Amino acid sequence: MSEQQTRRGRVIHGTWMDFHHPNPREGDYWNDTTASFTPEDWDAKVAEMVEAGMHRLVIMSVALRGRSFYPSRLIPERWPLKTEDPIAAVLEGAERHGAEVYLGVGFFSEDTGAAQAQTRAEDELRRNIPQELADRYGQYSSFAGWYLPVEAGVQGHFPDVYLSYANSLGEWCRKAANKPVFIAPYGTRTIIPDEKFVQQLKALEVDWLAWQDEVGVQKTRTDELPGIYERLVKVHQASGKRLWMDIEVFVHEGVVYKSPLIPAPWERLRQQLEAIPPEVEEVLCYQYLGMMNKPGSRVFAGHPDSPKLYEAYQAWRKEIEG
């Protein structure tokens, strides 16, 4: 990180992506488009994201509500996608274009927010899906690690059930393929920077946490971010855990959580990026797909205004990076 970047703001080095958005309405502007993507289309979209400076790609989940996004023996029912194995297509594209990919392991049941295993079948999937993924994709050098998409809803502190969930699933992932594991908690603004929170961070057997800034879901205002970052930095330094951030680059078209995601105003996103302190190791966003498109992209997926956010961000990125 250059001194100029630290002083004037931070650029985004990675993004989440999905094959079908988990919220019933939020992916309305791109779900149908990406369902029709060919392997060549996924390759082009990966190349576009890398060109935009986002070389860490986080696949939200390999399955959703009882249907898989890849040929799975364990979850045989499939989402109707034109590409038979979009995970392989993204991994192959990442190898060609110099990106790394994290596979999201979760969202197997209808309740995508449940950390506790509701059934024996759910528990078996958590134990066995990582090995199936490692067997199927372990040969790709772009397969960089694991992401746990069932996130902690922090309310001052982590729920105890979440620590057990994350540690057990993380252990099964590492046994399958010894790669980094990370999470992206929400409830960021509520954290209480006390000894209990520090001990919870120490007890979490994950390699880093990419905290959601929650500006897009209207839980946090940009003027509140400096105080939130101060608390985050304090507990992460005390615990020794690596600190990443997940910057929300969207707004809702209507009611929060119940309407499509559309690109955030550039001025708001700029304020989010300028608030990030140097202690944050890495910056990811949620998400390029749908919210940004390179003008003229042959694999356009998302809101009609997404090229405007792309151009504004890229002009600012060029200025920051010199």
# chains A, B, ... in the order shown; residues from 1 in each chain; ligands from 1

call {"tool": "residues_around", "arguments": {"residues": "Gln237 in chain A", "least_positions_apart": "5", "cutoff": "10 Å", "atoms": "only C-alpha atoms", "output": "list in words"}}
result
Val198, Leu232, Arg242, Leu243 and Glu279 of chain A

call {"tool": "select_by_dssp", "arguments": {"residues": "range 166-198 of chain A", "states": "alpha helix (DSSP H)", "output": "list in words"}}
result
Ala166, Asn167, Ser168, Leu169, Gly170, Glu171, Trp172, Cys173, Arg174, Lys175, Ala176, Glu195, Lys196, Phe197 and Val198 of chain A

call {"tool": "residues_around", "arguments": {"residues": "range 199-203 of chain A", "least_positions_apart": "2", "cutoff": "12 Å", "atoms": "only C-alpha atoms", "output": "MDAnalysis selection string"}}
result
chainID A and resid 154 156:164 166:168 183 185 191:197 205:209 232 234:243

call {"tool": "write_last_selection", "arguments": {"atoms": "C-alpha atoms", "output": "mmCIF file, in the first residue's frame"}}
result
data_model
loop_
_atom_site.group_PDB
_atom_site.id
_atom_site.type_symbol
_atom_site.label_atom_id
_atom_site.label_comp_id
_atom_site.auth_asym_id
_atom_site.auth_seq_id
_atom_site.Cartn_x
_atom_site.Cartn_y
_atom_site.Cartn_z
ATOM 1 C CA VAL A 154 -22.923 -9.648 15.768
ATOM 2 C CA GLY A 156 -22.171 -6.412 20.600
ATOM 3 C CA HIS A 157 -20.466 -9.810 20.609
ATOM 4 C CA PHE A 158 -20.503 -12.935 18.469
ATOM 5 C CA PRO A 159 -23.311 -15.422 19.177
ATOM 6 C CA ASP A 160 -21.759 -18.471 20.839
ATOM 7 C CA VAL A 161 -23.367 -20.808 18.301
ATOM 8 C CA TYR A 162 -21.568 -18.999 15.498
ATOM 9 C CA LEU A 163 -18.091 -19.604 16.901
ATOM 10 C CA SER A 164 -18.813 -23.329 17.083
ATOM 11 C CA ALA A 166 -17.333 -21.404 11.978
ATOM 12 C CA ASN A 167 -14.633 -23.397 13.740
ATOM 13 C CA SER A 168 -16.097 -26.795 12.880
ATOM 14 C CA ILE A 183 -15.700 -14.848 7.131
ATOM 15 C CA PRO A 185 -19.557 -10.698 9.682
ATOM 16 C CA ILE A 191 -19.187 -4.352 18.324
ATOM 17 C CA ILE A 192 -18.178 -3.725 21.923
ATOM 18 C CA PRO A 193 -14.363 -3.492 21.993
ATOM 19 C CA ASP A 194 -13.902 -5.226 25.326
ATOM 20 C CA GLU A 195 -11.902 -8.223 26.505
ATOM 21 C CA LYS A 196 -14.769 -10.621 25.765
ATOM 22 C CA PHE A 197 -14.784 -9.558 22.119
ATOM 23 C CA GLU A 205 -10.128 -20.308 13.908
ATOM 24 C CA VAL A 206 -10.329 -18.271 10.713
ATOM 25 C CA ASP A 207 -7.480 -16.542 8.937
ATOM 26 C CA TRP A 208 -9.101 -13.141 8.600
ATOM 27 C CA LEU A 209 -12.396 -11.319 8.924
ATOM 28 C CA LEU A 232 -12.325 -2.616 14.772
ATOM 29 C CA LYS A 234 -8.470 -1.875 18.511
ATOM 30 C CA VAL A 235 -9.889 -5.397 18.841
ATOM 31 C CA HIS A 236 -8.025 -6.787 15.850
ATOM 32 C CA GLN A 237 -4.683 -5.501 17.073
ATOM 33 C CA ALA A 238 -5.378 -6.908 20.545
ATOM 34 C CA SER A 239 -6.371 -10.308 19.149
ATOM 35 C CA GLY A 240 -3.778 -10.579 16.397
ATOM 36 C CA LYS A 241 -6.473 -11.333 13.811
ATOM 37 C CA ARG A 242 -6.035 -9.967 10.289
ATOM 38 C CA LEU A 243 -8.498 -7.188 9.421
#

call {"tool": "residues_around", "arguments": {"residues": "Gly302 in chain A", "least_positions_apart": "5", "cutoff": "7 Å", "atoms": "only C-alpha atoms", "output": "list in words"}}
result
Tyr29, Trp30, Leu289, Gly290 and Met291 of chain A

call {"tool": "write_last_selection", "arguments": {"atoms": "N, CA and C atoms", "output": "short mmCIF file (atom, residue, chain, number, x, y, z; two decimals), in the first residue's frame"}}
result
data_model
loop_
_atom_site.label_atom_id
_atom_site.label_comp_id
_atom_site.auth_asym_id
_atom_site.auth_seq_id
_atom_site.Cartn_x
_atom_site.Cartn_y
_atom_site.Cartn_z
N TYR A 29 -31.55 -7.73 -11.40
CA TYR A 29 -30.95 -7.12 -12.58
C TYR A 29 -29.88 -7.98 -13.24
N TRP A 30 -29.48 -9.10 -12.63
CA TRP A 30 -28.45 -9.91 -13.28
C TRP A 30 -28.67 -11.42 -13.20
N LEU A 289 -20.31 -7.69 -9.67
CA LEU A 289 -21.35 -8.26 -10.52
C LEU A 289 -22.69 -7.58 -10.26
N GLY A 290 -23.23 -6.97 -11.27
CA GLY A 290 -24.51 -6.27 -11.14
C GLY A 290 -24.37 -4.79 -10.90
N MET A 291 -23.33 -4.38 -10.11
CA MET A 291 -23.18 -2.98 -9.74
C MET A 291 -22.19 -2.23 -10.64
#

call {"tool": "atom_distance", "arguments": {"atom1": "CA of Val105 in chain A", "atom2": "CA of Tyr140 in chain A"}}
result
17.3 Å

call {"tool": "closest_residue", "arguments": {"among": "A:Lys175, A:Tyr286, A:Glu77, A:Arg8", "to": "His21 in chain A", "atoms": "only C-alpha atoms"}}
result
A:Tyr286

call {"tool": "residues_around", "arguments": {"residues": "Asp43 in chain A", "least_positions_apart": "3", "cutoff": "6 Å", "atoms": "only C-alpha atoms", "output": "list of chain:residue names"}}
result
A:Glu40, A:Val46, A:Gly93

call {"tool": "write_last_selection", "arguments": {"atoms": "N, CA and C atoms", "output": "tab-separated table (two decimals), in the first residue's frame"}}
result
chain	number	residue	atom	x	y	z
A	40	GLU	N	-17.25	-19.27	-21.87
A	40	GLU	CA	-16.53	-18.15	-22.47
A	40	GLU	C	-16.98	-16.82	-21.88
A	46	VAL	N	-14.57	-12.60	-15.74
A	46	VAL	CA	-13.41	-12.64	-14.85
A	46	VAL	C	-12.33	-11.68	-15.34
A	93	GLY	N	-10.85	-19.29	-15.76
A	93	GLY	CA	-10.66	-17.89	-16.13
A	93	GLY	C	-9.70	-17.18	-15.21

call {"tool": "closest_residue", "arguments": {"among": "A:Met54, A:Gln155, A:Arg126, A:Gly104", "to": "Val181 in chain A", "atoms": "only C-alpha atoms"}}
result
A:Gly104

call {"tool": "closest_residue", "arguments": {"among": "A:Phe69, A:Phe143, A:Phe250, A:Phe182", "to": "Gln287 in chain A", "atoms": "only C-alpha atoms"}}
result
A:Phe250

call {"tool": "closest_residue", "arguments": {"among": "A:Glu92, A:Asp32, A:Glu281, A:Glu124", "to": "Trp79 in chain A", "atoms": "only C-alpha atoms"}}
result
A:Asp32

call {"tool": "residues_around", "arguments": {"residues": "Lys294 in chain A", "least_positions_apart": "6", "cutoff": "9 Å", "atoms": "only C-alpha atoms", "output": "list in words"}}
result
Glu48, Met49, Ala52, Phe300, Ser306, Pro307, Lys308, Tyr310 and Glu311 of chain A

call {"tool": "write_last_selection", "arguments": {"atoms": "C-alpha atoms", "output": "mmCIF file, in the first residue's frame"}}
result
data_model
loop_
_atom_site.group_PDB
_atom_site.id
_atom_site.type_symbol
_atom_site.label_atom_id
_atom_site.label_comp_id
_atom_site.auth_asym_id
_atom_site.auth_seq_id
_atom_site.Cartn_x
_atom_site.Cartn_y
_atom_site.Cartn_z
ATOM 1 C CA GLU A 48 -13.204 -7.653 -16.823
ATOM 2 C CA MET A 49 -13.112 -7.809 -13.025
ATOM 3 C CA ALA A 52 -10.920 -3.319 -12.908
ATOM 4 C CA PHE A 300 -22.999 -6.926 -19.468
ATOM 5 C CA SER A 306 -23.555 0.236 -13.642
ATOM 6 C CA PRO A 307 -21.143 1.618 -16.303
ATOM 7 C CA LYS A 308 -21.405 5.038 -14.638
ATOM 8 C CA TYR A 310 -17.491 1.701 -13.102
ATOM 9 C CA GLU A 311 -16.172 4.786 -14.890
#

call {"tool": "atom_distance", "arguments": {"atom1": "CA of Thr38 in chain A", "atom2": "CA of Pro149 in chain A"}}
result
25.1 Å

call {"tool": "residues_around", "arguments": {"residues": "Leu103 in chain A", "least_positions_apart": "4", "cutoff": "8 Å", "atoms": "only C-alpha atoms", "output": "list in words"}}
result
Val58, Ile59, Met60, Ser61, Val62, Phe143, Gly145, Trp146 and Tyr147 of chain A

call {"tool": "atom_distance", "arguments": {"atom1": "CA of Gly296 in chain A", "atom2": "CA of Lys318 in chain A"}}
result
19.5 Å
